[in-house]
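target28.tsv (TSV, C-alpha atoms)
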```tsv
chain	number	residue	atom	x	y	z
A	418	MET	CA	-20.27	-12.76	-1.40
A	419	ASP	CA	-19.82	-9.15	-2.50
A	420	GLU	CA	-18.75	-6.62	0.08
A	421	ILE	CA	-21.67	-5.36	2.18
A	422	LYS	CA	-21.45	-1.62	2.78
A	423	ILE	CA	-22.84	-0.70	6.20
A	424	ALA	CA	-23.61	2.56	7.99
A	425	ILE	CA	-24.22	2.90	11.75
A	426	VAL	CA	-26.45	5.68	13.11
A	427	ASP	CA	-26.54	5.80	16.91
A	428	ASP	CA	-25.99	8.65	19.38
A	429	GLN	CA	-24.43	6.44	22.07
A	430	ASN	CA	-20.72	6.84	21.40
A	431	LEU	CA	-19.38	3.74	23.11
A	432	PHE	CA	-22.06	1.48	21.64
A	433	ARG	CA	-21.58	2.93	18.16
A	434	GLN	CA	-17.81	2.57	18.34
A	435	SER	CA	-18.08	-0.99	19.64
A	436	LEU	CA	-20.48	-1.90	16.86
A	437	ALA	CA	-18.09	-0.35	14.35
A	438	MET	CA	-15.31	-2.63	15.64
A	439	LEU	CA	-17.61	-5.63	15.23
A	440	ILE	CA	-18.45	-4.67	11.66
A	441	HIS	CA	-14.76	-4.28	10.85
A	442	SER	CA	-14.08	-7.78	12.21
A	443	VAL	CA	-16.47	-9.58	9.86
A	444	GLU	CA	-15.27	-10.65	6.45
A	445	ASN	CA	-17.17	-9.01	3.58
A	446	PHE	CA	-18.58	-6.31	5.89
A	447	CYS	CA	-17.39	-2.78	5.13
A	448	LEU	CA	-18.20	0.14	7.43
A	449	VAL	CA	-18.72	3.21	5.24
A	450	ALA	CA	-20.25	5.61	7.78
A	451	GLU	CA	-20.51	6.06	11.53
A	452	CYS	CA	-22.88	8.88	12.53
A	453	ALA	CA	-24.20	10.12	15.87
A	454	GLY	CA	-27.60	11.18	14.54
A	455	GLY	CA	-30.08	10.94	11.70
A	456	GLN	CA	-29.48	14.38	10.25
A	457	ALA	CA	-25.71	13.85	10.32
A	458	PHE	CA	-26.18	10.64	8.33
A	459	ILE	CA	-28.42	12.34	5.79
A	460	ASP	CA	-25.96	15.22	5.39
A	461	SER	CA	-23.14	12.74	4.95
A	462	LEU	CA	-25.09	10.77	2.34
A	463	GLU	CA	-26.01	13.83	0.31
A	464	ASN	CA	-22.62	15.51	0.52
A	465	THR	CA	-20.38	12.56	-0.29
A	466	ARG	CA	-22.71	10.30	-2.30
A	467	TYR	CA	-21.15	7.06	-1.07
A	468	GLU	CA	-22.94	3.73	-1.50
A	469	VAL	CA	-24.73	2.16	1.47
A	470	ASN	CA	-26.39	-1.26	1.40
A	471	ILE	CA	-27.41	-1.44	5.08
A	472	ALA	CA	-28.14	1.31	7.61
A	473	ILE	CA	-28.21	0.11	11.22
A	474	ILE	CA	-30.17	2.77	13.09
A	475	ASP	CA	-31.23	3.45	16.67
A	476	MET	CA	-34.76	4.57	17.51
A	477	ASP	CA	-34.17	7.06	20.30
A	478	MET	CA	-31.86	9.81	19.01
A	479	PRO	CA	-31.91	13.59	19.57
A	480	GLY	CA	-33.11	15.72	16.69
A	481	MET	CA	-34.26	13.11	14.20
A	482	ASN	CA	-35.45	9.84	15.71
A	483	GLY	CA	-35.46	6.43	14.08
A	484	ILE	CA	-39.01	6.72	12.73
A	485	GLU	CA	-38.23	9.99	11.00
A	486	LEU	CA	-34.90	8.74	9.64
A	487	ASN	CA	-36.47	5.55	8.30
A	488	ASP	CA	-39.24	7.55	6.62
A	489	PHE	CA	-36.65	9.79	4.94
A	490	LEU	CA	-34.56	6.86	3.74
A	491	GLN	CA	-37.58	4.99	2.38
A	492	LYS	CA	-38.56	8.06	0.38
A	493	HIS	CA	-35.19	9.39	-0.78
A	494	HIS	CA	-32.82	6.38	-0.59
A	495	PRO	CA	-35.01	3.27	-1.05
A	496	ALA	CA	-32.02	1.12	-2.02
A	497	ILE	CA	-30.67	1.39	1.55
A	498	LYS	CA	-32.06	-1.41	3.72
A	499	VAL	CA	-32.81	-0.29	7.28
A	500	ILE	CA	-32.06	-2.51	10.28
A	501	VAL	CA	-33.38	-1.08	13.54
A	502	LEU	CA	-31.16	-1.87	16.52
A	503	THR	CA	-32.62	-0.45	19.72
A	504	VAL	CA	-33.51	-0.98	23.37
A	505	HIS	CA	-37.14	-0.20	22.47
A	506	ALA	CA	-38.44	-3.57	21.31
A	507	THR	CA	-42.19	-3.29	21.91
A	508	GLU	CA	-44.66	-4.97	19.59
A	509	THR	CA	-46.06	-1.55	18.73
A	510	LEU	CA	-42.76	-0.15	17.50
A	511	ILE	CA	-41.74	-3.35	15.75
A	512	THR	CA	-44.98	-3.44	13.79
A	513	GLN	CA	-44.85	0.28	13.06
A	514	MET	CA	-41.29	0.20	11.73
A	515	VAL	CA	-41.72	-2.95	9.64
A	516	ASN	CA	-44.91	-1.55	8.12
A	517	ALA	CA	-42.96	1.63	7.37
A	518	GLY	CA	-40.37	-0.31	5.39
A	519	ALA	CA	-37.68	-1.37	7.88
A	520	ALA	CA	-36.05	-4.61	6.70
A	521	ALA	CA	-35.30	-5.94	10.19
A	522	TYR	CA	-35.73	-5.05	13.87
A	523	LEU	CA	-33.35	-6.16	16.62
A	524	ALA	CA	-33.01	-5.52	20.33
A	525	LYS	CA	-29.64	-4.16	21.46
A	526	ASN	CA	-29.13	-7.17	23.71
A	527	CYS	CA	-29.01	-9.51	20.71
A	528	ASP	CA	-25.80	-11.45	20.23
A	529	LYS	CA	-23.16	-11.06	17.53
A	530	ASP	CA	-24.28	-14.07	15.51
A	531	GLU	CA	-27.87	-12.83	15.31
A	532	LEU	CA	-26.75	-9.43	14.06
A	533	ILE	CA	-24.51	-10.98	11.41
A	534	ALA	CA	-27.29	-13.36	10.33
A	535	THR	CA	-29.71	-10.44	10.13
A	536	ILE	CA	-27.39	-8.37	7.92
A	537	GLU	CA	-26.73	-11.32	5.61
A	538	GLY	CA	-30.44	-12.22	5.53
A	539	VAL	CA	-31.44	-8.69	4.59
A	540	ILE	CA	-28.89	-8.63	1.76
A	541	LYS	CA	-30.04	-12.04	0.50
A	542	ASN	CA	-33.83	-11.65	0.81
A	543	GLY	CA	-34.48	-7.93	1.34
A	544	PHE	CA	-35.70	-8.53	4.90
A	545	TYR	CA	-35.02	-10.66	7.97
A	546	PHE	CA	-37.72	-11.24	10.58
A	547	ASN	CA	-36.68	-13.05	13.74
A	548	ASN	CA	-39.18	-14.68	16.11
A	549	ASP	CA	-39.84	-11.44	18.02
A	550	VAL	CA	-40.73	-9.63	14.80
A	551	LYS	CA	-42.94	-12.46	13.56
A	552	LYS	CA	-44.76	-12.55	16.90
A	553	ALA	CA	-45.29	-8.77	16.85
A	554	LEU	CA	-46.65	-8.86	13.29
A	555	GLN	CA	-49.02	-11.73	14.10
A	556	SER	CA	-50.26	-9.90	17.18
A	557	GLY	CA	-50.68	-6.74	15.14
A	558	GLU	CA	-52.86	-8.53	12.59
A	559	LYS	CA	-55.14	-9.87	15.33
A	560	GLN	CA	-55.45	-6.46	16.95
A	561	ARG	CA	-56.14	-4.77	13.62
A	562	ALA	CA	-59.07	-7.12	13.14
A	563	ILE	CA	-60.38	-6.20	16.61
A	564	LEU	CA	-59.81	-2.51	15.95
A	565	ASN	CA	-61.59	-2.64	12.59
A	566	LYS	CA	-64.58	-4.28	14.26
A	567	THR	CA	-64.60	-1.56	16.94
A	568	VAL	CA	-64.22	1.28	14.43
A	569	SER	CA	-67.16	-0.04	12.39
A	570	ARG	CA	-69.44	0.66	15.39
A	571	LEU	CA	-68.40	4.30	15.75
A	572	PRO	CA	-70.75	7.11	14.67
A	573	ILE	CA	-67.75	9.05	13.32
A	574	LYS	CA	-64.65	8.06	11.38
A	575	LEU	CA	-61.44	7.98	13.41
A	576	THR	CA	-58.03	7.03	12.08
A	577	ARG	CA	-55.93	4.35	13.77
A	578	ARG	CA	-53.53	7.05	14.96
A	579	GLU	CA	-56.40	9.06	16.48
A	580	ILE	CA	-57.56	5.96	18.36
A	581	GLN	CA	-54.00	5.42	19.61
A	582	VAL	CA	-53.85	9.00	20.87
A	583	LEU	CA	-57.32	8.75	22.42
A	584	ASN	CA	-56.34	5.59	24.27
A	585	LEU	CA	-53.27	7.28	25.75
A	586	ILE	CA	-55.29	10.37	26.69
A	587	CYS	CA	-57.53	8.01	28.65
A	588	LYS	CA	-54.43	6.86	30.53
A	589	ASP	CA	-53.91	10.45	31.76
A	590	MET	CA	-50.90	11.04	29.54
A	591	ASN	CA	-50.14	14.59	28.41
A	592	ASN	CA	-49.07	15.61	24.90
A	593	ALA	CA	-45.35	15.30	25.64
A	594	GLU	CA	-45.77	11.83	27.17
A	595	ILE	CA	-47.91	10.64	24.24
A	596	ALA	CA	-45.40	12.06	21.78
A	597	ASP	CA	-42.61	10.16	23.51
A	598	LYS	CA	-44.65	6.95	23.49
A	599	LEU	CA	-45.52	7.17	19.79
A	600	TYR	CA	-42.25	8.76	18.62
A	601	LEU	CA	-44.05	11.84	17.32
A	602	SER	CA	-43.72	15.54	18.14
A	603	PRO	CA	-45.89	17.15	20.85
A	604	ARG	CA	-47.20	19.51	18.16
A	605	THR	CA	-48.41	16.53	16.11
A	606	ILE	CA	-50.14	15.08	19.17
A	607	GLU	CA	-51.80	18.44	19.83
A	608	GLY	CA	-53.11	18.33	16.27
A	609	HIS	CA	-54.56	14.85	16.80
A	610	ARG	CA	-56.12	15.97	20.09
A	611	ASN	CA	-57.78	18.95	18.41
A	612	ALA	CA	-59.00	16.76	15.55
A	613	LEU	CA	-60.52	14.33	18.05
A	614	MET	CA	-62.35	17.12	19.86
A	615	ASN	CA	-63.69	18.49	16.57
A	616	LYS	CA	-64.87	15.10	15.33
A	617	ILE	CA	-66.38	14.04	18.65
A	618	GLY	CA	-67.84	17.47	19.31
A	619	CYS	CA	-66.49	18.03	22.81
A	620	GLN	CA	-64.53	20.83	24.47
A	621	THR	CA	-62.58	19.01	27.17
A	622	THR	CA	-60.43	15.95	27.78
A	623	ALA	CA	-63.23	14.57	29.94
A	624	GLY	CA	-65.45	14.56	26.86
A	625	LEU	CA	-62.88	12.50	24.98
A	626	VAL	CA	-62.66	10.00	27.83
A	627	LEU	CA	-66.45	9.68	28.05
A	628	PHE	CA	-66.63	9.00	24.30
A	629	ALA	CA	-63.91	6.34	24.58
A	630	ILE	CA	-65.74	4.64	27.46
A	631	LYS	CA	-69.08	4.74	25.66
A	632	TYR	CA	-67.72	3.06	22.54
A	633	GLN	CA	-65.29	0.73	24.36
A	634	LEU	CA	-62.17	2.26	22.85
A	635	ILE	CA	-60.06	2.09	26.01
A	636	ASP	CA	-57.09	-0.27	25.92
A	637	PRO	CA	-56.97	-1.38	22.30
A	638	VAL	CA	-53.48	-2.61	21.42
A	639	LEU	CA	-51.50	0.30	20.03
```
As structure tokens - that is how I would like this structure written.
Amino acid sequence: MDEIKIAIVDDQNLFRQSLAMLIHSVENFCLVAECAGGQAFIDSLENTRYEVNIAIIDMDMPGMNGIELNDFLQKHHPAIKVIVLTVHATETLITQMVNAGAAAYLAKNCDKDELIATIEGVIKNGFYFNNDVKKALQSGEKQRAILNKTVSRLPIKLTRREIQVLNLICKDMNNAEIADKLYLSPRTIEGHRNALMNKIGCQTTAGLVLFAIKYQLIDPVL
């Protein structure tokens, strides 16, 4: 097997350094970068132009989070296969990241053998979906069918993201809390909130909640 060139992007120093030691210990694995954040990785890529086959990235990082980093890599460095390695292993995030091009998604409590198998699987097939990922994707397909049926009854057209935001508004979450939940910026959430009010034709959060109750939009799977 040819040498697999791997980059690690994680802001937790001890974890990143420990993972680097693991990568060094595996035959045919070559650690080419170890960065504490998404922007640092991008700067390193663009300044040195080294080859990367696999980028193992965290989700929750200051500055540029895993969603934003994955989006950038898919657009500007599509040859780099992204493996998400994070403590945030919800079905929502798994589905979102896989749909956005991530090749694999692992929880940080996975064992060494699973990580190695994932890296090798991604190199061999372009992706590696373990049972948790498969379950999340299957659940997502079922919920999309339910959501599409619900959306078809609405008198106005709402995007899936707007319905996600509306559902969280109905759970009394503010813009910052919703942004944290969906890995978006508070400013983006404010934009979705304003768009919802304009489409629905209401002036207050109460109006949004009443609309959601009327059309049974509360508690769809995000």
Query raised in the report: Looking at only C-alpha atoms, which of A:Leu448, A:Lys588, A:Lys551, A:Val426 is the one that sits closest to Val501 (chain A)?
Result: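 Going through A:Leu448, A:Lys588, A:Lys551, A:Val426 one by one, the smallest distance to Val501 (chain A) is for A:Val426.
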**Report entry** Distance in Å - CA of Leu554 (chain A) versus CA of Asp530 (chain A)
**Finding:**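 Computing the Euclidean distance for CA of Leu554 (chain A) and CA of Asp530 (chain A) yields 23.1 Å.
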Neighbour list for region 480-483 of chain A as a JSON list (two decimals) with C-alpha atoms, in the frame of the given file, cut-off 9 Å, only C-alpha atoms, skip fewer than 3 positions in-chain:
```
[["chain", "number", "residue", "atom", "x", "y", "z"],
["A", 454, "GLY", "CA", -27.60, 11.18, 14.54],
["A", 455, "GLY", "CA", -30.08, 10.94, 11.70],
["A", 456, "GLN", "CA", -29.48, 14.38, 10.25],
["A", 474, "ILE", "CA", -30.17, 2.77, 13.09],
["A", 475, "ASP", "CA", -31.23, 3.45, 16.67],
["A", 476, "MET", "CA", -34.76, 4.57, 17.51],
["A", 477, "ASP", "CA", -34.17, 7.06, 20.30],
["A", 486, "LEU", "CA", -34.90, 8.74, 9.64],
["A", 487, "ASN", "CA", -36.47, 5.55, 8.30],
["A", 488, "ASP", "CA", -39.24, 7.55, 6.62],
["A", 501, "VAL", "CA", -33.38, -1.08, 13.54],
["A", 514, "MET", "CA", -41.29, 0.20, 11.73],
["A", 600, "TYR", "CA", -42.25, 8.76, 18.62],
["A", 601, "LEU", "CA", -44.05, 11.84, 17.32]]
```
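Here the question is which of A:Lys631, A:Cys447, A:Tyr467, A:Val626 gets nearest to Ile536 (chain A) using all atoms listed in the file, and that residue is A:Cys447.
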Report task. Find, counting all atoms listed in the file, the residue in A:Asn547, A:Asn584, A:Asn592, A:Ser602 that gets nearest to Phe628 (chain A). Result -> A:Asn584
Requested in this report: Calculate how many Å separate CA of Ile580 (chain A) from CA of Ala612 (chain A), rounding to one decimal.
Outcome: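 About the pair CA of Ile580 (chain A) and CA of Ala612 (chain A): they are 11.3 Å apart.
With distances taken over all atoms listed in the file, A:Leu634 is the one residue among A:Ala553, A:Leu627, A:Leu462, A:Leu634 lying closest to Val582 (chain A).
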**Report entry** Residue among A:Leu583, A:Cys527, A:Val550, A:Ile440 lying closest to Thr509 (chain A), counting only C-alpha atoms
**Finding:**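 Among the listed residues, A:Val550 lies closest to Thr509 (chain A).
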Query - Asp419 (chain A) surroundings by only C-alpha atoms, 10 Å radius, close-in-sequence under 3 positions cut, as a PyMOL selection string - result: chain A and resi 422+445-446
With C-alpha atoms kept, could you save the residues just selected as a PDB file, in the coordinates of the input?
```pdb
ATOM      1  CA  LYS A 422     -21.450  -1.620   2.780  1.00  0.00           C
ATOM      2  CA  ASN A 445     -17.170  -9.010   3.580  1.00  0.00           C
ATOM      3  CA  PHE A 446     -18.580  -6.310   5.890  1.00  0.00           C
TER       4      PHE A 446
END
```
Report task. Would you list the contacts of Ala519 (chain A) as a VMD selection string, taking every protein, DNA or RNA residue within 10 Å and counting only C-alpha atoms, but skipping same-chain residues closer than 4 positions in sequence? Result -> chain A and resid 472 484 487 to 488 490 to 491 497 to 501 511 to 515 543 to 545
Query raised in the report: Quick one, how far is CA of Lys552 (chain A) from CA of Ala524 (chain A)?
Result: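 A separation of 14.1 Å between them.
Considering only C-alpha atoms, the residue among A:Glu444, A:Asp589, A:Asp427, A:Glu594 positioned nearest to Ala623 (chain A) is A:Asp589.
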Would you mind completing region 434-465 of chain A so that it carries N, CA and C atoms, and writing it out as a compact mmCIF listing (two decimals), keeping the file's coordinate frame?
```txt
# COMPACT_ATOMS: atom_id res chain seq x y z
N GLN A 434 -19.20 2.91 18.62
CA GLN A 434 -17.81 2.57 18.34
C GLN A 434 -17.55 1.07 18.49
N SER A 435 -18.22 0.45 19.46
CA SER A 435 -18.08 -0.99 19.64
C SER A 435 -18.69 -1.76 18.47
N LEU A 436 -19.84 -1.27 18.01
CA LEU A 436 -20.48 -1.90 16.86
C LEU A 436 -19.62 -1.74 15.61
N ALA A 437 -18.99 -0.59 15.49
CA ALA A 437 -18.09 -0.35 14.35
C ALA A 437 -16.95 -1.37 14.36
N MET A 438 -16.39 -1.64 15.53
CA MET A 438 -15.31 -2.63 15.64
C MET A 438 -15.80 -4.01 15.23
N LEU A 439 -17.04 -4.35 15.62
CA LEU A 439 -17.61 -5.63 15.23
C LEU A 439 -17.76 -5.73 13.72
N ILE A 440 -18.28 -4.67 13.11
CA ILE A 440 -18.45 -4.67 11.66
C ILE A 440 -17.11 -4.85 10.96
N HIS A 441 -16.09 -4.17 11.44
CA HIS A 441 -14.76 -4.28 10.85
C HIS A 441 -14.20 -5.70 10.95
N SER A 442 -14.64 -6.44 11.97
CA SER A 442 -14.08 -7.78 12.21
C SER A 442 -14.69 -8.86 11.33
N VAL A 443 -15.76 -8.56 10.64
CA VAL A 443 -16.47 -9.58 9.86
C VAL A 443 -16.06 -9.48 8.39
N GLU A 444 -15.67 -10.60 7.86
CA GLU A 444 -15.27 -10.65 6.45
C GLU A 444 -16.45 -10.27 5.56
N ASN A 445 -16.19 -9.48 4.55
CA ASN A 445 -17.17 -9.01 3.58
C ASN A 445 -18.05 -7.87 4.11
N PHE A 446 -17.88 -7.49 5.38
CA PHE A 446 -18.58 -6.31 5.89
C PHE A 446 -17.65 -5.11 5.77
N CYS A 447 -18.18 -4.00 5.28
CA CYS A 447 -17.39 -2.78 5.13
C CYS A 447 -18.14 -1.61 5.76
N LEU A 448 -17.58 -1.01 6.78
CA LEU A 448 -18.20 0.14 7.43
C LEU A 448 -17.88 1.39 6.63
N VAL A 449 -18.93 2.03 6.08
CA VAL A 449 -18.72 3.21 5.24
C VAL A 449 -19.11 4.51 5.94
N ALA A 450 -19.84 4.40 7.05
CA ALA A 450 -20.25 5.61 7.78
C ALA A 450 -20.56 5.27 9.22
N GLU A 451 -20.24 6.19 10.10
CA GLU A 451 -20.51 6.06 11.53
C GLU A 451 -20.98 7.41 12.01
N CYS A 452 -22.30 7.57 12.24
CA CYS A 452 -22.88 8.88 12.53
C CYS A 452 -23.61 8.87 13.86
N ALA A 453 -23.59 10.01 14.54
CA ALA A 453 -24.20 10.12 15.87
C ALA A 453 -25.66 10.55 15.82
N GLY A 454 -26.20 10.76 14.63
CA GLY A 454 -27.60 11.18 14.54
C GLY A 454 -28.12 11.06 13.12
N GLY A 455 -29.44 11.09 12.99
CA GLY A 455 -30.08 10.94 11.70
C GLY A 455 -29.74 12.04 10.71
N GLN A 456 -29.77 13.28 11.16
CA GLN A 456 -29.48 14.38 10.25
C GLN A 456 -28.02 14.35 9.79
N ALA A 457 -27.12 13.96 10.69
CA ALA A 457 -25.71 13.85 10.32
C ALA A 457 -25.52 12.78 9.25
N PHE A 458 -26.27 11.69 9.34
CA PHE A 458 -26.18 10.64 8.33
C PHE A 458 -26.72 11.13 6.99
N ILE A 459 -27.85 11.81 7.03
CA ILE A 459 -28.42 12.34 5.79
C ILE A 459 -27.47 13.34 5.13
N ASP A 460 -26.91 14.23 5.94
CA ASP A 460 -25.96 15.22 5.39
C ASP A 460 -24.76 14.51 4.77
N SER A 461 -24.28 13.49 5.45
CA SER A 461 -23.14 12.74 4.95
C SER A 461 -23.47 12.05 3.63
N LEU A 462 -24.65 11.45 3.57
CA LEU A 462 -25.09 10.77 2.34
C LEU A 462 -25.16 11.74 1.17
N GLU A 463 -25.75 12.90 1.40
CA GLU A 463 -26.01 13.83 0.31
C GLU A 463 -24.77 14.63 -0.08
N ASN A 464 -23.83 14.74 0.84
CA ASN A 464 -22.62 15.51 0.52
C ASN A 464 -21.54 14.66 -0.15
N THR A 465 -21.47 13.39 0.24
CA THR A 465 -20.38 12.56 -0.29
C THR A 465 -20.84 11.53 -1.31
```
